[in-house]
Amino acid sequence: MSNTTRRSLLLAAAALPLADCGGLIPQAPPSNIYNLSPKTTFPESLPRVDWQLVVEEPYAAGGLDSHKIAIYTNPYEVKYYAEARWAERAPRMVQTLLVESFENTGKIVAVGRQSVGLRSDFNLKSDLREFQAMLKDGQTAPEVVIVLQAKMIAQPRQQIVASATFERRATAKSAGILDVVEAFDDALGKILRDTVAWAMTAAKKQN
């Protein structure tokens with residue numbers, strides 16, 4: 001038997017167990033994908049502005065810069081809900097929802113991401129400092145905590161004209177993932193409303 005024939009037989013034999021027992025190869029379970037909603041209602045006193053805005057993707061620490069839904073059971077360890085994930089990485093999702101929320105006011109000339117090539121009067125820079133559920137000893141349902149630190153940067157001088165920190169909390173109705181996501185939506189909705197109203201009030205077009 002030639003070396004070439006022997007090698008062909010060995011490769012064929014090695015492939016047989018994989019073909020026969022393909023179901024034994026471990027695979028990750030499919031994830032349920034969740035998204036949150038932009039804000040659609042704002043105070044009637046919200047001013048109409050004559051400037052254009054670029055919303056930059058928020059910075060987030062490694063544990064939060066993920067598609068995974070984070071939960072803390074102690075101050076030192078981040079865990080994630082099994083078989084559940086956000087539709088986008090958390091900071092990217094927050095950026096998307098901020099853009100949509102500004103658009104939903106109907107009171108801004110133009111708003112978009114950096115990638116759309118918008119020539120902005122202001123850039124909204126932010127840090128997503130908290131974006132997780134927290135379950136303390138004795139609690140039966142987690143509390144969602146979201147903290148967004150934001151700055152309005154006047155262009156082209158790159159001058160900070162306003163800064164603020166927004167924090168919201170919401171307790172889930174139960175430990176179930178749908179109730180946890182609903183609590184995220186509640187807390188983030190308030191953050192979106194507060195951030196949009198603050199930005200459109202605090203920033204004035206530079207002469």
# chains A, B, ... in the order shown; residues from 1 in each chain; ligands from 1
$ select_by_dssp --residues "stretch 2-181 of chain A" --states "strand (DSSP E or B)" --output "NGL selection string"
:A and (32-34 or 52-55 or 59-60 or 68-74 or 77-86 or 110-112 or 122-134 or 143-154 or 159-171)
$ residues_around --residues "stretch 32-38 of chain A" --least-positions-apart "6" --cutoff "12 Å" --atoms "only C-alpha atoms" --output "PyMOL selection string"
chain A and resi 67-69+81-90+92-105+177-193+196
$ residues_around --residues "A:Thr165" --least-positions-apart "4" --cutoff "7 Å" --atoms "only C-alpha atoms" --output "number ranges by chain"
A: 148-150
$ write_last_selection --atoms "C-alpha atoms" --output "mmCIF file, in the first residue's frame"
data_model
loop_
_atom_site.group_PDB
_atom_site.id
_atom_site.type_symbol
_atom_site.label_atom_id
_atom_site.label_comp_id
_atom_site.auth_asym_id
_atom_site.auth_seq_id
_atom_site.Cartn_x
_atom_site.Cartn_y
_atom_site.Cartn_z
ATOM 1 C CA LEU A 148 -24.666 58.261 31.565
ATOM 2 C CA GLN A 149 -22.173 61.107 31.814
ATOM 3 C CA ALA A 150 -22.584 63.511 28.869
#
$ select_by_dssp --residues "stretch 45-184 of chain A" --states "helix (DSSP H, G or I)" --output "VMD selection string"
chain A and resid 90 to 105 114 to 116 177 to 184
$ closest_atom_pairs --of "stretch 82-189 of chain A" --to "stretch 51-63 of chain A" --cutoff "6 Å" --atoms "only C-alpha atoms" --output "tab-separated table"
residue	atom	partner	partner_atom	distance
A:Pro91	CA	A:Pro58	CA	5.3
A:Arg92	CA	A:Glu57	CA	5.9
A:Gln95	CA	A:Glu57	CA	5.3
A:Val109	CA	A:Gln52	CA	5.6
A:Ala110	CA	A:Gln52	CA	4.8
A:Val111	CA	A:Leu53	CA	4.7
A:Gly112	CA	A:Val54	CA	5.1
A:Arg113	CA	A:Val55	CA	5.3
A:Ser120	CA	A:Gln52	CA	4.9
A:Asp121	CA	A:Gln52	CA	5.2
A:Phe122	CA	A:Leu53	CA	5.0
A:Asn123	CA	A:Val54	CA	4.7
A:Leu124	CA	A:Val55	CA	4.9
A:Lys125	CA	A:Glu56	CA	5.5
A:Ser126	CA	A:Pro58	CA	4.8
A:Asp127	CA	A:Tyr59	CA	4.7
A:Leu128	CA	A:Ala60	CA	5.0
$ atom_distance --atom1 "atom CA of A:Leu64" --atom2 "atom CA of A:Gln132"
7.8 Å
$ residues_around --residues "stretch 135-141 of chain A" --least-positions-apart "2" --cutoff "9 Å" --atoms "only C-alpha atoms" --output "list of chain:residue names"
A:Ile71, A:Tyr72, A:Thr73, A:Asn74, A:Ala133, A:Glu143, A:Val144, A:Thr171, A:Ala172, A:Lys173, A:Ser174, A:Ala175, A:Gly176, A:Val180
$ residues_around --residues "A:Ala202" --least-positions-apart "5" --cutoff "12 Å" --atoms "only C-alpha atoms" --output "mmCIF file with all heavy atoms, in the first residue's frame"
data_model
loop_
_atom_site.group_PDB
_atom_site.id
_atom_site.type_symbol
_atom_site.label_atom_id
_atom_site.label_comp_id
_atom_site.auth_asym_id
_atom_site.auth_seq_id
_atom_site.Cartn_x
_atom_site.Cartn_y
_atom_site.Cartn_z
ATOM 1 N N LEU A 46 -39.894 72.018 25.277
ATOM 2 C CA LEU A 46 -38.624 71.709 24.622
ATOM 3 C C LEU A 46 -38.399 72.702 23.480
ATOM 4 O O LEU A 46 -39.266 72.859 22.597
ATOM 5 C CB LEU A 46 -38.653 70.281 24.083
ATOM 6 C CG LEU A 46 -37.314 69.691 23.646
ATOM 7 C CD1 LEU A 46 -36.431 69.420 24.857
ATOM 8 C CD2 LEU A 46 -37.542 68.393 22.857
ATOM 9 N N PRO A 47 -37.252 73.394 23.452
ATOM 10 C CA PRO A 47 -37.047 74.419 22.417
ATOM 11 C C PRO A 47 -36.730 73.808 21.057
ATOM 12 O O PRO A 47 -36.188 72.717 20.961
ATOM 13 C CB PRO A 47 -35.849 75.209 22.960
ATOM 14 C CG PRO A 47 -35.085 74.212 23.765
ATOM 15 C CD PRO A 47 -36.121 73.321 24.397
ATOM 16 N N VAL A 49 -34.282 73.962 17.925
ATOM 17 C CA VAL A 49 -32.900 74.425 17.785
ATOM 18 C C VAL A 49 -32.518 74.477 16.312
ATOM 19 O O VAL A 49 -33.050 73.720 15.486
ATOM 20 C CB VAL A 49 -31.920 73.525 18.573
ATOM 21 C CG1 VAL A 49 -32.239 73.568 20.060
ATOM 22 C CG2 VAL A 49 -31.961 72.090 18.067
ATOM 23 N N PHE A 122 -22.442 70.703 17.040
ATOM 24 C CA PHE A 122 -22.092 70.135 18.341
ATOM 25 C C PHE A 122 -21.902 68.626 18.196
ATOM 26 O O PHE A 122 -22.524 67.983 17.350
ATOM 27 C CB PHE A 122 -23.195 70.388 19.379
ATOM 28 C CG PHE A 122 -23.421 71.821 19.713
ATOM 29 C CD1 PHE A 122 -24.412 72.550 19.062
ATOM 30 C CD2 PHE A 122 -22.643 72.466 20.675
ATOM 31 C CE1 PHE A 122 -24.623 73.882 19.359
ATOM 32 C CE2 PHE A 122 -22.854 73.804 20.983
ATOM 33 C CZ PHE A 122 -23.848 74.515 20.316
ATOM 34 N N LEU A 124 -22.137 65.249 20.789
ATOM 35 C CA LEU A 124 -22.500 64.742 22.110
ATOM 36 C C LEU A 124 -21.580 63.572 22.434
ATOM 37 O O LEU A 124 -21.658 62.510 21.809
ATOM 38 C CB LEU A 124 -23.961 64.294 22.143
ATOM 39 C CG LEU A 124 -24.441 63.665 23.450
ATOM 40 C CD1 LEU A 124 -24.368 64.660 24.609
ATOM 41 C CD2 LEU A 124 -25.862 63.123 23.309
ATOM 42 N N ALA A 150 -22.529 62.937 30.212
ATOM 43 C CA ALA A 150 -22.584 63.511 28.869
ATOM 44 C C ALA A 150 -21.933 64.887 28.812
ATOM 45 O O ALA A 150 -21.964 65.643 29.784
ATOM 46 C CB ALA A 150 -24.036 63.607 28.403
ATOM 47 N N LYS A 151 -21.368 65.185 27.636
ATOM 48 C CA LYS A 151 -20.776 66.500 27.371
ATOM 49 C C LYS A 151 -21.213 66.967 25.989
ATOM 50 O O LYS A 151 -21.225 66.177 25.040
ATOM 51 C CB LYS A 151 -19.248 66.447 27.415
ATOM 52 C CG LYS A 151 -18.639 66.139 28.766
ATOM 53 C CD LYS A 151 -17.115 66.166 28.687
ATOM 54 C CE LYS A 151 -16.470 65.887 30.039
ATOM 55 N NZ LYS A 151 -16.667 64.489 30.454
ATOM 56 N N MET A 152 -21.545 68.254 25.883
ATOM 57 C CA MET A 152 -21.812 68.877 24.593
ATOM 58 C C MET A 152 -20.561 69.637 24.174
ATOM 59 O O MET A 152 -20.092 70.526 24.895
ATOM 60 C CB MET A 152 -23.021 69.794 24.679
ATOM 61 C CG MET A 152 -24.346 69.054 24.808
ATOM 62 S SD MET A 152 -24.823 68.203 23.277
ATOM 63 C CE MET A 152 -25.446 69.579 22.321
ATOM 64 N N ILE A 153 -20.025 69.282 23.005
ATOM 65 C CA ILE A 153 -18.774 69.851 22.511
ATOM 66 C C ILE A 153 -19.076 70.723 21.292
ATOM 67 O O ILE A 153 -19.581 70.221 20.274
ATOM 68 C CB ILE A 153 -17.777 68.753 22.103
ATOM 69 C CG1 ILE A 153 -17.684 67.667 23.190
ATOM 70 C CG2 ILE A 153 -16.423 69.355 21.782
ATOM 71 C CD1 ILE A 153 -17.101 68.142 24.491
ATOM 72 N N ALA A 154 -18.792 72.031 21.400
ATOM 73 C CA ALA A 154 -19.004 72.942 20.278
ATOM 74 C C ALA A 154 -17.934 72.727 19.224
ATOM 75 O O ALA A 154 -16.750 72.590 19.544
ATOM 76 C CB ALA A 154 -18.998 74.390 20.764
ATOM 77 N N ILE A 160 -16.009 72.384 25.383
ATOM 78 C CA ILE A 160 -17.103 71.853 26.193
ATOM 79 C C ILE A 160 -17.992 73.025 26.624
ATOM 80 O O ILE A 160 -17.527 73.945 27.298
ATOM 81 C CB ILE A 160 -16.579 71.108 27.423
ATOM 82 C CG1 ILE A 160 -15.719 69.915 27.002
ATOM 83 C CG2 ILE A 160 -17.737 70.635 28.306
ATOM 84 C CD1 ILE A 160 -15.038 69.204 28.165
ATOM 85 N N VAL A 161 -19.269 72.967 26.226
ATOM 86 C CA VAL A 161 -20.187 74.055 26.588
ATOM 87 C C VAL A 161 -21.190 73.625 27.660
ATOM 88 O O VAL A 161 -21.842 74.472 28.270
ATOM 89 C CB VAL A 161 -20.928 74.583 25.351
ATOM 90 C CG1 VAL A 161 -19.947 75.200 24.363
ATOM 91 C CG2 VAL A 161 -21.740 73.478 24.684
ATOM 92 N N ALA A 162 -21.307 72.342 27.888
ATOM 93 C CA ALA A 162 -22.221 71.854 28.934
ATOM 94 C C ALA A 162 -21.867 70.414 29.265
ATOM 95 O O ALA A 162 -21.405 69.661 28.400
ATOM 96 C CB ALA A 162 -23.676 71.946 28.475
ATOM 97 N N SER A 163 -22.064 70.036 30.517
ATOM 98 C CA SER A 163 -21.848 68.651 30.933
ATOM 99 C C SER A 163 -22.831 68.308 32.041
ATOM 100 O O SER A 163 -23.254 69.179 32.809
ATOM 101 C CB SER A 163 -20.411 68.429 31.404
ATOM 102 O OG SER A 163 -20.132 69.204 32.542
ATOM 103 N N ALA A 164 -23.204 67.046 32.109
ATOM 104 C CA ALA A 164 -24.166 66.604 33.122
ATOM 105 C C ALA A 164 -24.073 65.095 33.263
ATOM 106 O O ALA A 164 -23.607 64.394 32.352
ATOM 107 C CB ALA A 164 -25.586 67.023 32.751
ATOM 108 N N ASP A 194 -34.188 62.762 29.543
ATOM 109 C CA ASP A 194 -33.432 63.773 30.285
ATOM 110 C C ASP A 194 -32.258 64.307 29.469
ATOM 111 O O ASP A 194 -31.982 65.510 29.470
ATOM 112 C CB ASP A 194 -32.925 63.188 31.607
ATOM 113 C CG ASP A 194 -34.050 62.836 32.572
ATOM 114 O OD1 ASP A 194 -35.200 63.262 32.327
ATOM 115 O OD2 ASP A 194 -33.775 62.127 33.559
ATOM 116 N N THR A 195 -31.559 63.402 28.780
ATOM 117 C CA THR A 195 -30.384 63.808 28.007
ATOM 118 C C THR A 195 -30.778 64.695 26.835
ATOM 119 O O THR A 195 -30.136 65.725 26.570
ATOM 120 C CB THR A 195 -29.619 62.571 27.507
ATOM 121 O OG1 THR A 195 -29.261 61.748 28.614
ATOM 122 C CG2 THR A 195 -28.354 62.969 26.760
ATOM 123 N N VAL A 196 -31.809 64.314 26.116
ATOM 124 C CA VAL A 196 -32.264 65.110 24.973
ATOM 125 C C VAL A 196 -32.719 66.498 25.431
ATOM 126 O O VAL A 196 -32.320 67.514 24.844
ATOM 127 C CB VAL A 196 -33.393 64.378 24.221
ATOM 128 C CG1 VAL A 196 -34.048 65.307 23.202
ATOM 129 C CG2 VAL A 196 -32.849 63.133 23.529
ATOM 130 N N ALA A 197 -33.541 66.547 26.461
ATOM 131 C CA ALA A 197 -34.039 67.837 26.940
ATOM 132 C C ALA A 197 -32.900 68.719 27.438
ATOM 133 O O ALA A 197 -32.868 69.931 27.161
ATOM 134 C CB ALA A 197 -35.068 67.612 28.046
#
$ atom_distance --atom1 "atom CA of A:Gln158" --atom2 "atom CA of A:Ile108"
20.5 Å
$ atom_distance --atom1 "atom CA of A:Pro142" --atom2 "atom CA of A:Ala170"
8.8 Å
$ residues_around --residues "A:Val147" --least-positions-apart "4" --cutoff "6 Å" --atoms "only C-alpha atoms" --output "PDB file with C-alpha atoms, in the first residue's frame"
ATOM      1  CA  ARG A 129     -20.699  54.249  33.429  1.00  0.00           C
ATOM      2  CA  GLU A 130     -23.423  51.876  34.593  1.00  0.00           C
ATOM      3  CA  PHE A 166     -27.872  61.260  34.398  1.00  0.00           C
ATOM      4  CA  GLU A 167     -28.745  58.322  36.648  1.00  0.00           C
TER       5      GLU A 167
END
$ decode --residues "stretch 147-163 of chain A" --atoms "all heavy atoms" --output "PDB file, in the first residue's frame"
ATOM      1  N   VAL A 147     -26.208  54.798  34.350  1.00  0.00           N
ATOM      2  CA  VAL A 147     -25.583  56.111  34.573  1.00  0.00           C
ATOM      3  C   VAL A 147     -24.902  56.528  33.276  1.00  0.00           C
ATOM      4  O   VAL A 147     -24.073  55.789  32.737  1.00  0.00           O
ATOM      5  CB  VAL A 147     -24.554  56.082  35.725  1.00  0.00           C
ATOM      6  CG1 VAL A 147     -23.900  57.451  35.880  1.00  0.00           C
ATOM      7  CG2 VAL A 147     -25.221  55.659  37.031  1.00  0.00           C
ATOM      8  N   LEU A 148     -25.258  57.709  32.783  1.00  0.00           N
ATOM      9  CA  LEU A 148     -24.666  58.261  31.565  1.00  0.00           C
ATOM     10  C   LEU A 148     -24.108  59.640  31.871  1.00  0.00           C
ATOM     11  O   LEU A 148     -24.837  60.522  32.327  1.00  0.00           O
ATOM     12  CB  LEU A 148     -25.715  58.363  30.456  1.00  0.00           C
ATOM     13  CG  LEU A 148     -25.201  58.819  29.081  1.00  0.00           C
ATOM     14  CD1 LEU A 148     -24.428  57.689  28.403  1.00  0.00           C
ATOM     15  CD2 LEU A 148     -26.356  59.279  28.190  1.00  0.00           C
ATOM     16  N   GLN A 149     -22.814  59.804  31.652  1.00  0.00           N
ATOM     17  CA  GLN A 149     -22.173  61.107  31.814  1.00  0.00           C
ATOM     18  C   GLN A 149     -21.999  61.708  30.419  1.00  0.00           C
ATOM     19  O   GLN A 149     -21.431  61.084  29.531  1.00  0.00           O
ATOM     20  CB  GLN A 149     -20.818  60.956  32.511  1.00  0.00           C
ATOM     21  CG  GLN A 149     -20.280  62.219  33.165  1.00  0.00           C
ATOM     22  CD  GLN A 149     -19.662  63.186  32.171  1.00  0.00           C
ATOM     23  OE1 GLN A 149     -19.159  62.776  31.149  1.00  0.00           O
ATOM     24  NE2 GLN A 149     -19.714  64.462  32.482  1.00  0.00           N
ATOM     25  N   ALA A 150     -22.529  62.937  30.212  1.00  0.00           N
ATOM     26  CA  ALA A 150     -22.584  63.511  28.869  1.00  0.00           C
ATOM     27  C   ALA A 150     -21.933  64.887  28.812  1.00  0.00           C
ATOM     28  O   ALA A 150     -21.964  65.643  29.784  1.00  0.00           O
ATOM     29  CB  ALA A 150     -24.036  63.607  28.403  1.00  0.00           C
ATOM     30  N   LYS A 151     -21.368  65.185  27.636  1.00  0.00           N
ATOM     31  CA  LYS A 151     -20.776  66.500  27.371  1.00  0.00           C
ATOM     32  C   LYS A 151     -21.213  66.967  25.989  1.00  0.00           C
ATOM     33  O   LYS A 151     -21.225  66.177  25.040  1.00  0.00           O
ATOM     34  CB  LYS A 151     -19.248  66.447  27.415  1.00  0.00           C
ATOM     35  CG  LYS A 151     -18.639  66.139  28.766  1.00  0.00           C
ATOM     36  CD  LYS A 151     -17.115  66.166  28.687  1.00  0.00           C
ATOM     37  CE  LYS A 151     -16.470  65.887  30.039  1.00  0.00           C
ATOM     38  NZ  LYS A 151     -16.667  64.489  30.454  1.00  0.00           N
ATOM     39  N   MET A 152     -21.545  68.254  25.883  1.00  0.00           N
ATOM     40  CA  MET A 152     -21.812  68.877  24.593  1.00  0.00           C
ATOM     41  C   MET A 152     -20.561  69.637  24.174  1.00  0.00           C
ATOM     42  O   MET A 152     -20.092  70.526  24.895  1.00  0.00           O
ATOM     43  CB  MET A 152     -23.021  69.794  24.679  1.00  0.00           C
ATOM     44  CG  MET A 152     -24.346  69.054  24.808  1.00  0.00           C
ATOM     45  SD  MET A 152     -24.823  68.203  23.277  1.00  0.00           S
ATOM     46  CE  MET A 152     -25.446  69.579  22.321  1.00  0.00           C
ATOM     47  N   ILE A 153     -20.025  69.282  23.005  1.00  0.00           N
ATOM     48  CA  ILE A 153     -18.774  69.851  22.511  1.00  0.00           C
ATOM     49  C   ILE A 153     -19.076  70.723  21.292  1.00  0.00           C
ATOM     50  O   ILE A 153     -19.581  70.221  20.274  1.00  0.00           O
ATOM     51  CB  ILE A 153     -17.777  68.753  22.103  1.00  0.00           C
ATOM     52  CG1 ILE A 153     -17.684  67.667  23.190  1.00  0.00           C
ATOM     53  CG2 ILE A 153     -16.423  69.355  21.782  1.00  0.00           C
ATOM     54  CD1 ILE A 153     -17.101  68.142  24.491  1.00  0.00           C
ATOM     55  N   ALA A 154     -18.792  72.031  21.400  1.00  0.00           N
ATOM     56  CA  ALA A 154     -19.004  72.942  20.278  1.00  0.00           C
ATOM     57  C   ALA A 154     -17.934  72.727  19.224  1.00  0.00           C
ATOM     58  O   ALA A 154     -16.750  72.590  19.544  1.00  0.00           O
ATOM     59  CB  ALA A 154     -18.998  74.390  20.764  1.00  0.00           C
ATOM     60  N   GLN A 155     -18.362  72.691  17.972  1.00  0.00           N
ATOM     61  CA  GLN A 155     -17.446  72.522  16.847  1.00  0.00           C
ATOM     62  C   GLN A 155     -17.300  73.857  16.097  1.00  0.00           C
ATOM     63  O   GLN A 155     -18.234  74.653  16.091  1.00  0.00           O
ATOM     64  CB  GLN A 155     -17.978  71.443  15.902  1.00  0.00           C
ATOM     65  CG  GLN A 155     -18.166  70.090  16.549  1.00  0.00           C
ATOM     66  CD  GLN A 155     -16.873  69.495  17.084  1.00  0.00           C
ATOM     67  OE1 GLN A 155     -15.778  69.857  16.654  1.00  0.00           O
ATOM     68  NE2 GLN A 155     -16.993  68.594  18.047  1.00  0.00           N
ATOM     69  N   PRO A 156     -16.169  74.136  15.471  1.00  0.00           N
ATOM     70  CA  PRO A 156     -15.013  73.228  15.340  1.00  0.00           C
ATOM     71  C   PRO A 156     -13.977  73.407  16.435  1.00  0.00           C
ATOM     72  O   PRO A 156     -12.905  72.821  16.368  1.00  0.00           O
ATOM     73  CB  PRO A 156     -14.439  73.650  13.987  1.00  0.00           C
ATOM     74  CG  PRO A 156     -14.710  75.127  13.934  1.00  0.00           C
ATOM     75  CD  PRO A 156     -16.035  75.337  14.628  1.00  0.00           C
ATOM     76  N   ARG A 157     -14.290  74.196  17.458  1.00  0.00           N
ATOM     77  CA  ARG A 157     -13.275  74.534  18.462  1.00  0.00           C
ATOM     78  C   ARG A 157     -13.074  73.453  19.509  1.00  0.00           C
ATOM     79  O   ARG A 157     -12.188  73.559  20.348  1.00  0.00           O
ATOM     80  CB  ARG A 157     -13.654  75.854  19.150  1.00  0.00           C
ATOM     81  CG  ARG A 157     -13.561  77.070  18.231  1.00  0.00           C
ATOM     82  CD  ARG A 157     -13.909  78.339  18.971  1.00  0.00           C
ATOM     83  NE  ARG A 157     -15.315  78.364  19.357  1.00  0.00           N
ATOM     84  CZ  ARG A 157     -15.855  79.276  20.168  1.00  0.00           C
ATOM     85  NH1 ARG A 157     -15.078  80.211  20.704  1.00  0.00           N
ATOM     86  NH2 ARG A 157     -17.126  79.251  20.458  1.00  0.00           N
ATOM     87  N   GLN A 158     -13.923  72.419  19.492  1.00  0.00           N
ATOM     88  CA  GLN A 158     -13.823  71.329  20.465  1.00  0.00           C
ATOM     89  C   GLN A 158     -13.922  71.873  21.892  1.00  0.00           C
ATOM     90  O   GLN A 158     -13.194  71.454  22.792  1.00  0.00           O
ATOM     91  CB  GLN A 158     -12.501  70.556  20.289  1.00  0.00           C
ATOM     92  CG  GLN A 158     -12.411  69.754  19.014  1.00  0.00           C
ATOM     93  CD  GLN A 158     -13.237  68.472  19.079  1.00  0.00           C
ATOM     94  OE1 GLN A 158     -13.149  67.699  20.022  1.00  0.00           O
ATOM     95  NE2 GLN A 158     -14.062  68.262  18.078  1.00  0.00           N
ATOM     96  N   GLN A 159     -14.851  72.781  22.106  1.00  0.00           N
ATOM     97  CA  GLN A 159     -15.028  73.420  23.409  1.00  0.00           C
ATOM     98  C   GLN A 159     -16.221  72.809  24.142  1.00  0.00           C
ATOM     99  O   GLN A 159     -17.317  72.717  23.580  1.00  0.00           O
ATOM    100  CB  GLN A 159     -15.251  74.924  23.240  1.00  0.00           C
ATOM    101  CG  GLN A 159     -15.507  75.667  24.543  1.00  0.00           C
ATOM    102  CD  GLN A 159     -15.853  77.120  24.310  1.00  0.00           C
ATOM    103  OE1 GLN A 159     -15.944  77.573  23.165  1.00  0.00           O
ATOM    104  NE2 GLN A 159     -16.052  77.862  25.382  1.00  0.00           N
ATOM    105  N   ILE A 160     -16.009  72.384  25.383  1.00  0.00           N
ATOM    106  CA  ILE A 160     -17.103  71.853  26.193  1.00  0.00           C
ATOM    107  C   ILE A 160     -17.992  73.025  26.624  1.00  0.00           C
ATOM    108  O   ILE A 160     -17.527  73.945  27.298  1.00  0.00           O
ATOM    109  CB  ILE A 160     -16.579  71.108  27.423  1.00  0.00           C
ATOM    110  CG1 ILE A 160     -15.719  69.915  27.002  1.00  0.00           C
ATOM    111  CG2 ILE A 160     -17.737  70.635  28.306  1.00  0.00           C
ATOM    112  CD1 ILE A 160     -15.038  69.204  28.165  1.00  0.00           C
ATOM    113  N   VAL A 161     -19.269  72.967  26.226  1.00  0.00           N
ATOM    114  CA  VAL A 161     -20.187  74.055  26.588  1.00  0.00           C
ATOM    115  C   VAL A 161     -21.190  73.625  27.660  1.00  0.00           C
ATOM    116  O   VAL A 161     -21.842  74.472  28.270  1.00  0.00           O
ATOM    117  CB  VAL A 161     -20.928  74.583  25.351  1.00  0.00           C
ATOM    118  CG1 VAL A 161     -19.947  75.200  24.363  1.00  0.00           C
ATOM    119  CG2 VAL A 161     -21.740  73.478  24.684  1.00  0.00           C
ATOM    120  N   ALA A 162     -21.307  72.342  27.888  1.00  0.00           N
ATOM    121  CA  ALA A 162     -22.221  71.854  28.934  1.00  0.00           C
ATOM    122  C   ALA A 162     -21.867  70.414  29.265  1.00  0.00           C
ATOM    123  O   ALA A 162     -21.405  69.661  28.400  1.00  0.00           O
ATOM    124  CB  ALA A 162     -23.676  71.946  28.475  1.00  0.00           C
ATOM    125  N   SER A 163     -22.064  70.036  30.517  1.00  0.00           N
ATOM    126  CA  SER A 163     -21.848  68.651  30.933  1.00  0.00           C
ATOM    127  C   SER A 163     -22.831  68.308  32.041  1.00  0.00           C
ATOM    128  O   SER A 163     -23.254  69.179  32.809  1.00  0.00           O
ATOM    129  CB  SER A 163     -20.411  68.429  31.404  1.00  0.00           C
ATOM    130  OG  SER A 163     -20.132  69.204  32.542  1.00  0.00           O
TER     131      SER A 163
END
